[in-house]
>>> print(open('upload-v6.txt').read())   # compact mmCIF, C-alpha atoms
# COMPACT_ATOMS: atom_id res chain seq x y z
CA MET S 1 156.54 -38.93 -20.83
CA THR S 2 153.49 -41.17 -20.99
CA ARG S 3 151.91 -41.43 -24.43
CA THR S 4 148.22 -40.49 -24.11
CA THR S 5 147.13 -41.56 -27.59
CA PRO S 6 147.89 -44.83 -29.36
CA ARG S 7 150.54 -44.77 -32.05
CA ARG S 8 149.20 -44.60 -35.56
CA THR S 9 149.93 -47.78 -37.50
CA ALA S 10 151.31 -47.88 -41.03
CA LEU S 11 151.99 -50.67 -43.49
CA ILE S 12 154.51 -50.05 -46.29
CA SER S 13 154.56 -52.44 -49.25
CA GLY S 14 158.13 -52.61 -50.54
CA ALA S 15 161.50 -52.46 -48.76
CA GLY S 16 163.36 -50.63 -51.50
CA ILE S 17 164.60 -47.06 -51.43
CA ALA S 18 161.23 -45.33 -51.12
CA GLY S 19 159.81 -47.87 -48.66
CA SER S 20 162.78 -47.94 -46.29
CA ALA S 21 163.15 -44.14 -46.34
CA LEU S 22 159.44 -43.70 -45.62
CA ALA S 23 159.69 -46.24 -42.78
CA TYR S 24 162.49 -44.21 -41.22
CA TRP S 25 160.61 -40.92 -41.30
CA LEU S 26 157.23 -42.31 -40.24
CA ASN S 27 158.89 -44.01 -37.28
CA ARG S 28 160.62 -40.71 -36.50
CA TYR S 29 157.17 -39.09 -36.30
CA GLY S 30 155.78 -41.69 -33.92
CA PHE S 31 154.14 -44.22 -36.23
CA ALA S 32 154.27 -47.94 -35.55
CA VAL S 33 155.57 -49.11 -38.92
CA THR S 34 155.47 -52.49 -40.64
CA VAL S 35 157.22 -53.10 -43.97
CA VAL S 36 156.24 -56.08 -46.12
CA GLU S 37 158.63 -57.25 -48.84
CA LYS S 38 157.97 -60.08 -51.29
CA SER S 39 161.68 -60.95 -51.58
CA GLY S 40 163.36 -63.07 -48.97
CA ALA S 41 165.95 -60.39 -48.19
CA LEU S 42 167.18 -57.02 -49.33
CA ARG S 43 168.72 -57.13 -52.78
CA ASP S 44 172.47 -56.73 -52.60
CA GLY S 45 174.73 -55.17 -55.23
CA GLY S 46 172.82 -53.89 -58.20
CA TYR S 47 173.47 -51.20 -60.75
CA PRO S 48 174.80 -47.78 -59.73
CA ILE S 49 172.38 -45.01 -58.79
CA ASP S 50 172.79 -41.29 -58.11
CA VAL S 51 171.81 -39.25 -55.07
CA ARG S 52 171.96 -35.54 -55.84
CA GLY S 53 170.34 -32.19 -55.22
CA THR S 54 167.56 -32.11 -52.64
CA ALA S 55 167.92 -35.85 -51.97
CA LEU S 56 171.41 -35.28 -50.54
CA GLU S 57 169.83 -33.23 -47.77
CA VAL S 58 167.40 -36.07 -47.04
CA VAL S 59 170.18 -38.62 -46.49
CA ARG S 60 172.17 -36.04 -44.51
CA ARG S 61 169.22 -35.58 -42.14
CA MET S 62 168.96 -39.36 -41.82
CA GLY S 63 172.61 -39.56 -40.75
CA ILE S 64 173.61 -41.98 -43.53
CA LEU S 65 175.50 -39.58 -45.80
CA PRO S 66 178.95 -40.49 -44.36
CA ARG S 67 178.27 -44.18 -45.05
CA LEU S 68 177.20 -43.38 -48.60
CA ARG S 69 180.29 -41.26 -49.17
CA GLU S 70 182.43 -44.25 -48.16
CA ALA S 71 180.59 -46.36 -50.75
CA HIS S 72 180.85 -43.68 -53.46
CA ILE S 73 181.82 -45.21 -56.80
CA ASP S 74 183.71 -42.20 -58.18
CA LEU S 75 183.03 -42.64 -61.87
CA ARG S 76 185.91 -40.80 -63.52
CA ARG S 77 185.35 -41.03 -67.24
CA LEU S 78 182.53 -41.45 -69.72
CA THR S 79 183.73 -42.42 -73.21
CA PHE S 80 181.52 -42.36 -76.29
CA LEU S 81 182.20 -44.50 -79.36
CA ASP S 82 180.79 -44.46 -82.86
CA GLY S 83 179.42 -47.45 -84.75
CA ASP S 84 182.92 -48.59 -85.73
CA GLY S 85 184.14 -48.45 -82.14
CA ALA S 86 186.22 -45.31 -82.65
CA GLU S 87 186.25 -42.74 -79.85
CA VAL S 88 183.98 -39.72 -80.32
CA ALA S 89 184.73 -38.01 -77.02
CA SER S 90 185.71 -38.70 -73.42
CA VAL S 91 184.08 -36.42 -70.84
CA ASP S 92 183.79 -35.87 -67.13
CA PRO S 93 180.51 -37.52 -66.05
CA HIS S 94 179.40 -34.42 -64.12
CA ALA S 95 179.51 -32.40 -67.31
CA LEU S 96 176.56 -34.47 -68.54
CA THR S 97 174.60 -35.38 -65.43
CA GLY S 98 174.18 -31.85 -64.14
CA GLY S 99 175.53 -33.07 -60.83
CA VAL S 100 178.10 -31.39 -58.65
CA ALA S 101 181.60 -32.83 -58.39
CA GLY S 102 182.56 -33.57 -54.79
CA GLN S 103 178.98 -33.35 -53.55
CA ASP S 104 176.81 -35.84 -55.44
CA VAL S 105 176.95 -39.48 -54.43
CA GLU S 106 176.88 -42.47 -56.76
CA VAL S 107 176.61 -45.87 -55.12
CA ARG S 108 175.46 -49.36 -55.92
CA ARG S 109 171.74 -49.65 -55.36
CA GLY S 110 172.34 -52.29 -52.68
CA ASP S 111 174.62 -49.94 -50.75
CA LEU S 112 171.83 -47.36 -50.51
CA THR S 113 169.11 -49.83 -49.55
CA GLY S 114 171.49 -51.41 -47.05
CA ALA S 115 172.21 -48.05 -45.42
CA LEU S 116 168.50 -47.22 -45.24
CA TYR S 117 167.67 -50.62 -43.75
CA ALA S 118 170.43 -50.35 -41.15
CA ALA S 119 169.05 -46.97 -40.09
CA VAL S 120 165.57 -48.36 -39.37
CA ARG S 121 165.70 -52.13 -38.83
CA ASP S 122 165.75 -51.94 -35.02
CA ASP S 123 162.67 -49.71 -34.87
CA VAL S 124 160.45 -51.10 -37.62
CA GLU S 125 158.84 -54.50 -38.23
CA PHE S 126 159.96 -56.13 -41.51
CA LEU S 127 158.01 -59.03 -43.04
CA PHE S 128 160.07 -60.68 -45.77
CA ASN S 129 158.79 -63.37 -48.14
CA ASP S 130 155.28 -61.93 -47.99
CA SER S 131 153.10 -59.42 -49.81
CA VAL S 132 149.69 -57.76 -49.74
CA ALA S 133 146.97 -59.99 -51.22
CA THR S 134 143.94 -57.74 -50.60
CA LEU S 135 143.15 -54.26 -49.26
CA ASP S 136 139.75 -53.29 -47.86
CA GLN S 137 139.30 -49.73 -46.61
CA SER S 138 136.81 -48.66 -44.00
CA GLY S 139 136.23 -45.73 -41.69
CA ARG S 140 138.39 -47.31 -39.03
CA GLY S 141 141.38 -48.28 -41.17
CA VAL S 142 142.63 -50.58 -43.90
CA ASP S 143 142.04 -54.31 -43.54
CA VAL S 144 144.94 -56.17 -45.13
CA THR S 145 145.17 -59.82 -46.05
CA PHE S 146 148.72 -61.00 -46.65
CA SER S 147 149.71 -63.63 -49.17
CA GLY S 148 150.90 -65.76 -46.28
CA GLY S 149 147.37 -65.83 -44.89
CA ALA S 150 147.61 -63.37 -41.98
CA THR S 151 145.12 -60.50 -41.64
CA ARG S 152 145.77 -57.17 -39.91
CA THR S 153 144.31 -53.67 -39.82
CA PHE S 154 146.38 -50.49 -40.24
CA ASP S 155 145.55 -46.81 -39.98
CA MET S 156 147.28 -46.22 -43.33
CA VAL S 157 148.89 -48.23 -46.11
CA PHE S 158 151.64 -47.03 -48.46
CA GLY S 159 152.59 -48.47 -51.82
CA ALA S 160 156.35 -48.27 -52.34
CA ASP S 161 156.35 -51.30 -54.63
CA GLY S 162 157.90 -49.86 -57.76
CA LEU S 163 157.08 -49.18 -61.37
CA HIS S 164 154.78 -52.20 -61.65
CA SER S 165 153.07 -51.53 -58.32
CA ARG S 166 150.34 -53.92 -57.21
CA THR S 167 149.18 -51.39 -54.62
CA ARG S 168 148.53 -48.91 -57.42
CA GLU S 169 146.60 -51.56 -59.31
CA PHE S 170 144.48 -52.32 -56.25
CA LEU S 171 143.57 -48.65 -55.87
CA PHE S 172 143.49 -47.13 -59.32
CA GLY S 173 143.33 -49.91 -61.90
CA THR S 174 145.72 -51.27 -64.49
CA GLU S 175 149.19 -49.86 -65.04
CA GLU S 176 148.40 -48.94 -68.65
CA ARG S 177 146.27 -46.03 -67.44
CA PHE S 178 149.31 -44.28 -65.97
CA HIS S 179 152.19 -45.75 -67.94
CA ARG S 180 153.94 -43.34 -70.33
CA TYR S 181 156.20 -45.21 -72.72
CA LEU S 182 159.24 -43.15 -73.74
CA GLY S 183 160.08 -45.06 -76.92
CA TYR S 184 162.96 -47.24 -75.73
CA CYS S 185 163.55 -50.69 -74.27
CA PHE S 186 166.63 -51.94 -72.47
CA ALA S 187 168.31 -55.06 -71.17
CA GLY S 188 170.73 -54.99 -68.26
CA PHE S 189 172.96 -57.76 -66.88
CA THR S 190 176.45 -58.38 -65.50
CA MET S 191 179.32 -59.94 -67.43
CA SER S 192 183.04 -60.54 -67.01
CA ASN S 193 185.25 -57.47 -67.13
CA THR S 194 187.62 -58.61 -69.86
CA PHE S 195 188.01 -55.03 -71.11
CA GLY S 196 190.38 -53.55 -68.53
CA LEU S 197 187.76 -50.99 -67.49
CA SER S 198 187.93 -49.24 -64.11
CA HIS S 199 185.70 -46.50 -62.69
CA GLU S 200 184.36 -45.66 -66.11
CA THR S 201 181.60 -46.15 -68.63
CA VAL S 202 182.03 -46.78 -72.34
CA LEU S 203 178.99 -46.12 -74.54
CA TRP S 204 178.68 -47.26 -78.17
CA ASN S 205 175.98 -45.72 -80.37
CA THR S 206 174.38 -46.02 -83.73
CA PRO S 207 171.02 -44.31 -84.43
CA GLY S 208 168.41 -45.92 -82.19
CA ARG S 209 170.84 -48.33 -80.54
CA ALA S 210 173.28 -48.09 -77.66
CA ALA S 211 175.52 -50.53 -75.83
CA ALA S 212 177.22 -49.59 -72.57
CA LEU S 213 179.78 -51.19 -70.28
CA TYR S 214 179.89 -49.73 -66.77
CA ALA S 215 182.80 -50.60 -64.47
CA VAL S 216 182.09 -49.42 -60.94
CA GLY S 217 185.62 -50.18 -59.76
CA ASP S 218 188.41 -52.65 -60.44
CA ASN S 219 185.95 -55.52 -60.21
CA GLU S 220 185.92 -58.72 -62.20
CA GLU S 221 182.45 -57.86 -63.48
CA VAL S 222 180.91 -54.95 -65.37
CA HIS S 223 177.32 -53.85 -65.75
CA ALA S 224 176.23 -54.24 -69.36
CA PHE S 225 173.31 -52.37 -70.91
CA LEU S 226 171.73 -52.70 -74.34
CA ASN S 227 169.24 -49.95 -75.12
CA PHE S 228 167.20 -49.53 -78.30
CA ALA S 229 164.44 -47.37 -79.71
CA ARG S 230 161.14 -49.04 -80.58
CA PRO S 231 157.92 -47.23 -81.57
CA GLU S 232 155.65 -49.72 -79.81
CA GLN S 233 156.22 -51.68 -76.65
CA PRO S 234 157.05 -55.38 -77.20
CA LEU S 235 154.32 -56.51 -74.83
CA ASP S 236 154.80 -60.23 -75.46
CA ALA S 237 158.48 -60.06 -74.51
CA PHE S 238 157.71 -58.70 -71.05
CA ARG S 239 156.24 -62.05 -70.05
CA LYS S 240 158.74 -64.33 -71.80
CA PRO S 241 162.45 -64.21 -70.89
CA ARG S 242 163.39 -66.24 -73.96
CA ALA S 243 161.57 -63.74 -76.18
CA GLN S 244 163.43 -60.88 -74.49
CA ARG S 245 166.80 -62.37 -75.37
CA ALA S 246 165.66 -63.12 -78.90
CA LEU S 247 164.40 -59.58 -79.45
CA VAL S 248 167.61 -57.95 -78.19
CA ALA S 249 169.74 -60.33 -80.25
CA GLU S 250 167.72 -59.49 -83.35
CA VAL S 251 167.99 -55.72 -82.82
CA PHE S 252 171.78 -55.87 -82.35
CA ALA S 253 172.52 -58.70 -84.79
CA ASP S 254 174.74 -56.62 -87.09
CA ALA S 255 176.31 -54.44 -84.40
CA GLY S 256 180.07 -54.10 -84.13
CA TRP S 257 182.49 -53.21 -81.32
CA GLU S 258 182.05 -55.53 -78.29
CA VAL S 259 178.34 -56.07 -78.87
CA PRO S 260 178.58 -59.67 -80.17
CA GLY S 261 180.33 -60.66 -76.93
CA MET S 262 177.73 -58.78 -74.91
CA LEU S 263 174.95 -60.69 -76.66
CA ALA S 264 176.67 -63.99 -75.88
CA ALA S 265 177.03 -62.96 -72.23
CA MET S 266 173.37 -61.89 -72.13
CA ASN S 267 172.28 -65.37 -73.22
CA ASP S 268 174.15 -66.90 -70.27
CA ALA S 269 173.27 -64.20 -67.71
CA ASP S 270 171.18 -65.24 -64.72
CA ASP S 271 170.44 -61.64 -63.71
CA LEU S 272 168.96 -60.29 -66.96
CA PHE S 273 166.56 -57.40 -66.42
CA PHE S 274 164.47 -56.33 -69.41
CA ASP S 275 161.90 -53.55 -69.45
CA ALA S 276 160.50 -50.58 -71.31
CA VAL S 277 161.85 -47.12 -70.57
CA SER S 278 158.80 -45.42 -69.13
CA GLN S 279 157.32 -43.10 -66.56
CA ILE S 280 154.31 -43.24 -64.27
CA ARG S 281 152.14 -40.12 -64.45
CA MET S 282 149.13 -39.99 -62.12
CA PRO S 283 146.59 -37.26 -61.38
CA HIS S 284 146.45 -38.34 -57.72
CA TRP S 285 148.84 -40.31 -55.54
CA SER S 286 146.39 -41.36 -52.85
CA SER S 287 142.92 -42.77 -52.31
CA GLY S 288 141.32 -42.86 -48.89
CA ARG S 289 143.87 -44.14 -46.39
CA VAL S 290 146.32 -45.45 -49.00
CA ALA S 291 149.07 -43.45 -50.72
CA LEU S 292 151.84 -44.18 -53.21
CA VAL S 293 155.47 -43.05 -53.10
CA GLY S 294 158.53 -43.38 -55.33
CA ASP S 295 158.30 -45.23 -58.64
CA ALA S 296 154.83 -46.54 -57.78
CA ALA S 297 153.53 -42.96 -57.94
CA TYR S 298 155.93 -41.08 -60.22
CA ALA S 299 158.67 -43.19 -61.79
CA PRO S 300 160.75 -40.74 -63.86
CA SER S 301 162.73 -43.41 -65.84
CA PHE S 302 166.46 -44.02 -65.64
CA LEU S 303 166.96 -41.49 -68.44
CA THR S 304 166.48 -38.67 -65.91
CA GLY S 305 168.91 -40.14 -63.37
CA GLN S 306 166.48 -39.01 -60.69
CA GLY S 307 164.55 -42.14 -59.71
CA SER S 308 166.34 -42.73 -56.40
CA SER S 309 166.40 -39.04 -55.55
CA LEU S 310 162.66 -38.67 -56.18
CA ALA S 311 162.03 -41.71 -53.98
CA LEU S 312 164.05 -40.22 -51.11
CA VAL S 313 162.53 -36.75 -51.39
CA GLY S 314 159.00 -38.12 -51.83
CA ALA S 315 159.32 -40.30 -48.74
CA TYR S 316 160.54 -37.36 -46.67
CA MET S 317 157.75 -35.08 -47.88
CA LEU S 318 155.04 -37.70 -47.36
CA ALA S 319 156.08 -38.42 -43.78
CA ALA S 320 156.51 -34.72 -42.95
CA SER S 321 153.03 -34.02 -44.31
CA LEU S 322 151.58 -36.62 -41.91
CA ALA S 323 153.58 -35.60 -38.84
CA ASP S 324 150.80 -33.41 -37.43
CA ARG S 325 147.91 -34.14 -39.80
CA ASP S 326 145.41 -36.92 -40.36
CA HIS S 327 145.61 -38.96 -43.55
CA GLU S 328 143.24 -36.79 -45.56
CA ALA S 329 144.98 -33.48 -44.84
CA GLY S 330 148.42 -35.09 -44.91
CA PHE S 331 148.00 -36.71 -48.29
CA GLY S 332 146.69 -33.42 -49.67
CA ALA S 333 149.73 -31.55 -48.38
CA TYR S 334 152.07 -34.24 -49.80
CA GLU S 335 150.68 -33.77 -53.30
CA ARG S 336 150.50 -29.98 -53.05
CA ASP S 337 154.08 -29.57 -51.86
CA THR S 338 155.80 -32.29 -53.88
CA ARG S 339 154.14 -32.49 -57.29
CA GLU S 340 155.91 -29.53 -58.91
CA PHE S 341 159.30 -30.98 -58.01
CA VAL S 342 158.28 -34.39 -59.36
CA THR S 343 156.95 -32.98 -62.63
CA LEU S 344 160.00 -30.80 -63.18
CA ASN S 345 162.25 -33.83 -62.88
CA GLN S 346 160.07 -36.08 -65.02
CA ASP S 347 160.06 -33.41 -67.72
CA GLN S 348 163.84 -33.71 -68.09
CA VAL S 349 163.14 -36.25 -70.81
CA GLY S 350 160.32 -36.65 -73.28
CA GLU S 351 159.24 -39.44 -75.60
CA GLY S 352 162.05 -40.46 -77.96
CA ASP S 353 164.32 -37.52 -77.15
CA ALA S 354 166.84 -38.96 -74.69
CA ALA S 355 170.01 -36.97 -75.34
CA LEU S 356 172.34 -39.93 -74.93
CA PHE S 357 170.32 -42.21 -77.24
CA PRO S 358 169.66 -40.36 -80.52
CA THR S 359 167.39 -42.12 -82.99
CA THR S 360 168.51 -40.46 -86.26
CA ASP S 361 171.85 -39.86 -87.98
CA ARG S 362 171.40 -36.09 -87.69
CA ALA S 363 170.54 -36.21 -83.98
CA LEU S 364 173.50 -38.50 -83.33
CA GLU S 365 175.92 -36.13 -85.06
CA GLN S 366 174.49 -33.16 -83.16
CA ARG S 367 174.97 -35.04 -79.89
CA ASN S 368 178.52 -35.97 -80.86
CA GLU S 369 179.34 -32.32 -81.61
CA MET S 370 178.00 -31.39 -78.19
CA LEU S 371 180.16 -34.08 -76.57
CA ARG S 372 183.30 -32.90 -78.37
CA GLY S 373 182.62 -29.45 -76.99
CA LEU S 374 182.39 -30.87 -73.46
CA ALA S 375 185.60 -32.90 -73.71
CA GLY S 376 188.08 -31.42 -71.28
CA ALA S 377 185.44 -29.23 -69.64
CA GLU S 378 185.67 -28.64 -65.91
CA PRO S 379 183.13 -30.42 -63.68
CA ALA S 380 179.92 -28.52 -63.09
CA ALA S 381 179.91 -25.87 -60.39
CA ALA S 382 176.18 -26.25 -59.78
CA GLY S 383 173.60 -28.90 -60.54
CA ARG S 384 170.70 -28.55 -62.88
CA PRO S 385 167.86 -26.63 -61.24
CA ALA S 386 165.47 -29.61 -61.37
CA HIS S 387 167.65 -31.63 -58.99
CA SER S 388 167.52 -28.96 -56.27
CA ALA S 389 164.20 -27.30 -57.04
CA LEU S 390 162.59 -28.21 -53.70
CA THR S 391 163.59 -26.83 -50.31
CA LEU S 392 162.79 -29.40 -47.65
CA PRO S 393 160.61 -28.32 -44.73
CA PRO S 394 162.32 -28.60 -41.34
CA THR S 395 162.36 -31.97 -39.68
CA ARG S 396 159.41 -31.81 -37.31
CA PRO S 397 159.66 -32.82 -33.65
CA ARG S 398 157.91 -36.01 -32.67
>>> encode(input="upload-v6.txt", output="structure tokens")
Amino acid sequence: MTRTTPRRTALISGAGIAGSALAYWLNRYGFAVTVVEKSGALRDGGYPIDVRGTALEVVRRMGILPRLREAHIDLRRLTFLDGDGAEVASVDPHALTGGVAGQDVEVRRGDLTGALYAAVRDDVEFLFNDSVATLDQSGRGVDVTFSGGATRTFDMVFGADGLHSRTREFLFGTEERFHRYLGYCFAGFTMSNTFGLSHETVLWNTPGRAAALYAVGDNEEVHAFLNFARPEQPLDAFRKPRAQRALVAEVFADAGWEVPGMLAAMNDADDLFFDAVSQIRMPHWSSGRVALVGDAAYAPSFLTGQGSSLALVGAYMLAASLADRDHEAGFGAYERDTREFVTLNQDQVGEGDAALFPTTDRALEQRNEMLRGLAGAEPAAAGRPAHSALTLPPTRPR
């Protein structure tokens, strides 16, 4: 059949989970899609992430669920320790996550982004080692200047560029306006697996501090996390890697268990990631011909375990809303049909009340009592309502 109208053009900033999923669905609905990514290639490996609830249906409709099931990590045990390193409880992970045993998928982040990229790379233009330098909207489209110097015009532009989104800053102003700090900071890195850990996580706690070792398999490395409560954000440390290491070392200076070795490994790590635990809360996710998706619009924080799932569901809903609508009506439908689901999932955690990271002796003991009650419990038969609170609209024909 001869196409009588030109394909609508779309630029997506960011080739992560939200960006690649959105590229897939926009292409499915007839858009000519370009994805720009500042990195030179997709990031491989990475920490484990969950796909559960409504998001499982998204990846099923994309045809990548079998590949993700093959890459499933199968975390089998979650062990909690007290400040002296003694075991408090060992529980089935599903008993805490609200996920569903045998259905939910947990994979390395790189396995998910790799599956998404493979599903769309032959149909979508990817521009690596580049980024958006300027955006200028007009009645006819969005004029984009790339950092590499090229200029192009698109019918629509989408920001899928993460928690610290430049697209959001272009449109709506500084991140501080929408950033909701949840009272914690964390450092993540990889280190040698000298602990004999396999398919399990071990979590050490004292009030306001936590150290975790996450073994995704029988690998030689483990993912290490150091999380701590802090009333105010350490703004200076965000810009200075040396200050990040110094701050974490100071907070955990007197910690026991394996923490001294973790601090030593952190100082030598070349993949240290340090950030505040926070959410993005915005009154609107679009302006003119530009819209945001995933963490750029509604980062829920890792404490909810729903960041990747919100990115997948948001991308599906955004593309479906534009399948037979112009940008103005489509963006309105996207917000109307998706916001309740987003808010419900973001509300799973509030400031300073993360269940796994108590900040007082009393809260820690209450959490430990809860964990002892869960020890030996059967995996959940159904997920928490927030994970599955949205029924996807049917996939529309082209």
>>> closest_residue(input="upload-v6.txt", among="S:His199, S:Arg43, S:Arg61, S:Arg180", to="S:Glu232", atoms="only C-alpha atoms")
S:Arg180
>>> closest_residue(input="upload-v6.txt", among="S:Arg239, S:Thr201, S:Gly148, S:Phe186", to="S:Leu226", atoms="all atoms listed in the file")
S:Phe186
>>> axis_aligned_box(input="upload-v6.txt", around="stretch 137-147 of chain S", padding_each_side="8 Å", output="JSON")
{"center_x": 143.0, "center_y": -54.7, "center_z": -44.1, "size_x": 29.5, "size_y": 33.9, "size_z": 26.1}
>>> closest_atom_pairs(input="upload-v6.txt", of="stretch 63-124 of chain S", to="stretch 259-276 of chain S", cutoff="12 Å", atoms="all atoms listed in the file", output="CSV")
residue,atom,partner,partner_atom,distance
S:Gly83,CA,S:Val259,CA,10.5
S:Asp84,CA,S:Val259,CA,11.1
S:Gly85,CA,S:Val259,CA,10.1
>>> write_last_selection(input="upload-v6.txt", atoms="C-alpha atoms", output="mmCIF file, in the frame of the given file")
data_model
loop_
_atom_site.group_PDB
_atom_site.id
_atom_site.type_symbol
_atom_site.label_atom_id
_atom_site.label_comp_id
_atom_site.auth_asym_id
_atom_site.auth_seq_id
_atom_site.Cartn_x
_atom_site.Cartn_y
_atom_site.Cartn_z
ATOM 1 C CA GLY S 83 179.420 -47.450 -84.750
ATOM 2 C CA ASP S 84 182.920 -48.590 -85.730
ATOM 3 C CA GLY S 85 184.140 -48.450 -82.140
#
>>> atom_distance(input="upload-v6.txt", atom1="atom CA of S:Val51", atom2="atom CA of S:Gly114")
14.6 Å
>>> closest_residue(input="upload-v6.txt", among="S:Arg28, S:Arg281, S:Arg289, S:Arg121", to="S:Gly332", atoms="all atoms listed in the file")
S:Arg289
>>> residues_near_point(input="upload-v6.txt", point="(179.5, -48.1, -81.1)", cutoff="10 Å", atoms="only C-alpha atoms", output="list in words")
Phe80, Leu81, Asp82, Gly83, Asp84, Gly85, Ala86, Glu87, Val88, Val202, Leu203, Trp204, Asn205, Thr206, Pro207, Arg209, Ala210, Ala211, Ala212, Ala255, Gly256, Trp257, Glu258 and Val259 of chain S
>>> write_last_selection(input="upload-v6.txt", atoms="C-alpha atoms", output="PDB file, keeping the file's coordinate frame")
ATOM      1  CA  PHE S  80     181.520 -42.360 -76.290  1.00  0.00           C
ATOM      2  CA  LEU S  81     182.200 -44.500 -79.360  1.00  0.00           C
ATOM      3  CA  ASP S  82     180.790 -44.460 -82.860  1.00  0.00           C
ATOM      4  CA  GLY S  83     179.420 -47.450 -84.750  1.00  0.00           C
ATOM      5  CA  ASP S  84     182.920 -48.590 -85.730  1.00  0.00           C
ATOM      6  CA  GLY S  85     184.140 -48.450 -82.140  1.00  0.00           C
ATOM      7  CA  ALA S  86     186.220 -45.310 -82.650  1.00  0.00           C
ATOM      8  CA  GLU S  87     186.250 -42.740 -79.850  1.00  0.00           C
ATOM      9  CA  VAL S  88     183.980 -39.720 -80.320  1.00  0.00           C
ATOM     10  CA  VAL S 202     182.030 -46.780 -72.340  1.00  0.00           C
ATOM     11  CA  LEU S 203     178.990 -46.120 -74.540  1.00  0.00           C
ATOM     12  CA  TRP S 204     178.680 -47.260 -78.170  1.00  0.00           C
ATOM     13  CA  ASN S 205     175.980 -45.720 -80.370  1.00  0.00           C
ATOM     14  CA  THR S 206     174.380 -46.020 -83.730  1.00  0.00           C
ATOM     15  CA  PRO S 207     171.020 -44.310 -84.430  1.00  0.00           C
ATOM     16  CA  ARG S 209     170.840 -48.330 -80.540  1.00  0.00           C
ATOM     17  CA  ALA S 210     173.280 -48.090 -77.660  1.00  0.00           C
ATOM     18  CA  ALA S 211     175.520 -50.530 -75.830  1.00  0.00           C
ATOM     19  CA  ALA S 212     177.220 -49.590 -72.570  1.00  0.00           C
ATOM     20  CA  ALA S 255     176.310 -54.440 -84.400  1.00  0.00           C
ATOM     21  CA  GLY S 256     180.070 -54.100 -84.130  1.00  0.00           C
ATOM     22  CA  TRP S 257     182.490 -53.210 -81.320  1.00  0.00           C
ATOM     23  CA  GLU S 258     182.050 -55.530 -78.290  1.00  0.00           C
ATOM     24  CA  VAL S 259     178.340 -56.070 -78.870  1.00  0.00           C
TER      25      VAL S 259
END
>>> closest_atom_pairs(input="upload-v6.txt", of="stretch 23-56 of chain S", to="stretch 156-175 of chain S", cutoff="12 Å", atoms="only C-alpha atoms", output="JSON lines")
{"residue": "S:Ala23", "atom": "CA", "partner": "S:Phe158", "partner_atom": "CA", "distance": 9.9}
{"residue": "S:Leu26", "atom": "CA", "partner": "S:Phe158", "partner_atom": "CA", "distance": 11.0}
{"residue": "S:Phe31", "atom": "CA", "partner": "S:Met156", "partner_atom": "CA", "distance": 10.1}
{"residue": "S:Ala32", "atom": "CA", "partner": "S:Met156", "partner_atom": "CA", "distance": 10.6}
{"residue": "S:Val33", "atom": "CA", "partner": "S:Met156", "partner_atom": "CA", "distance": 9.8}
{"residue": "S:Thr34", "atom": "CA", "partner": "S:Val157", "partner_atom": "CA", "distance": 9.6}
{"residue": "S:Val35", "atom": "CA", "partner": "S:Phe158", "partner_atom": "CA", "distance": 9.4}
{"residue": "S:Val36", "atom": "CA", "partner": "S:Asp161", "partner_atom": "CA", "distance": 9.8}
{"residue": "S:Glu37", "atom": "CA", "partner": "S:Asp161", "partner_atom": "CA", "distance": 8.6}
{"residue": "S:Lys38", "atom": "CA", "partner": "S:Asp161", "partner_atom": "CA", "distance": 9.5}
{"residue": "S:Ser39", "atom": "CA", "partner": "S:Asp161", "partner_atom": "CA", "distance": 11.4}
>>> residues_around(input="upload-v6.txt", residues="stretch 302-310 of chain S", least_positions_apart="6", cutoff="8 Å", atoms="only C-alpha atoms", output="PyMOL selection string")
chain S and resi 17-18+49-55+97+277+294-295+342+345-346+348-349+354+387
>>> atom_distance(input="upload-v6.txt", atom1="atom CA of S:Tyr316", atom2="atom CA of S:Tyr29")
11.0 Å
>>> residues_around(input="upload-v6.txt", residues="S:Leu135", least_positions_apart="5", cutoff="7 Å", atoms="all atoms listed in the file", output="JSON, numbers by chain")
{"S": [142, 143, 144, 145]}
>>> closest_residue(input="upload-v6.txt", among="S:Ala119, S:Val107, S:Leu356, S:Ala333", to="S:Asp44", atoms="only C-alpha atoms")
S:Val107
>>> closest_residue(input="upload-v6.txt", among="S:Leu213, S:Ala187, S:Leu75, S:Ala41", to="S:Arg245", atoms="all atoms listed in the file")
S:Ala187
>>> atom_distance(input="upload-v6.txt", atom1="atom CA of S:Asn368", atom2="atom CA of S:Arg77")
16.1 Å
>>> closest_residue(input="upload-v6.txt", among="S:Arg8, S:Gly373, S:Val58, S:Gly19", to="S:Leu292", atoms="only C-alpha atoms")
S:Gly19
>>> residues_around(input="upload-v6.txt", residues="S:Asp324", least_positions_apart="3", cutoff="10 Å", atoms="all atoms listed in the file", output="PyMOL selection string")
chain S and resi 29+319-321+327+329-330+396-398
>>> write_last_selection(input="upload-v6.txt", atoms="C-alpha atoms", output="short mmCIF file (atom, residue, chain, number, x, y, z; two decimals), in the frame of the given file")
data_model
loop_
_atom_site.label_atom_id
_atom_site.label_comp_id
_atom_site.auth_asym_id
_atom_site.auth_seq_id
_atom_site.Cartn_x
_atom_site.Cartn_y
_atom_site.Cartn_z
CA TYR S 29 157.17 -39.09 -36.30
CA ALA S 319 156.08 -38.42 -43.78
CA ALA S 320 156.51 -34.72 -42.95
CA SER S 321 153.03 -34.02 -44.31
CA HIS S 327 145.61 -38.96 -43.55
CA ALA S 329 144.98 -33.48 -44.84
CA GLY S 330 148.42 -35.09 -44.91
CA ARG S 396 159.41 -31.81 -37.31
CA PRO S 397 159.66 -32.82 -33.65
CA ARG S 398 157.91 -36.01 -32.67
#
>>> residues_around(input="upload-v6.txt", residues="S:Phe228", least_positions_apart="5", cutoff="6 Å", atoms="only C-alpha atoms", output="list of chain:residue names")
S:Tyr184, S:Cys185, S:Gly208, S:Arg209
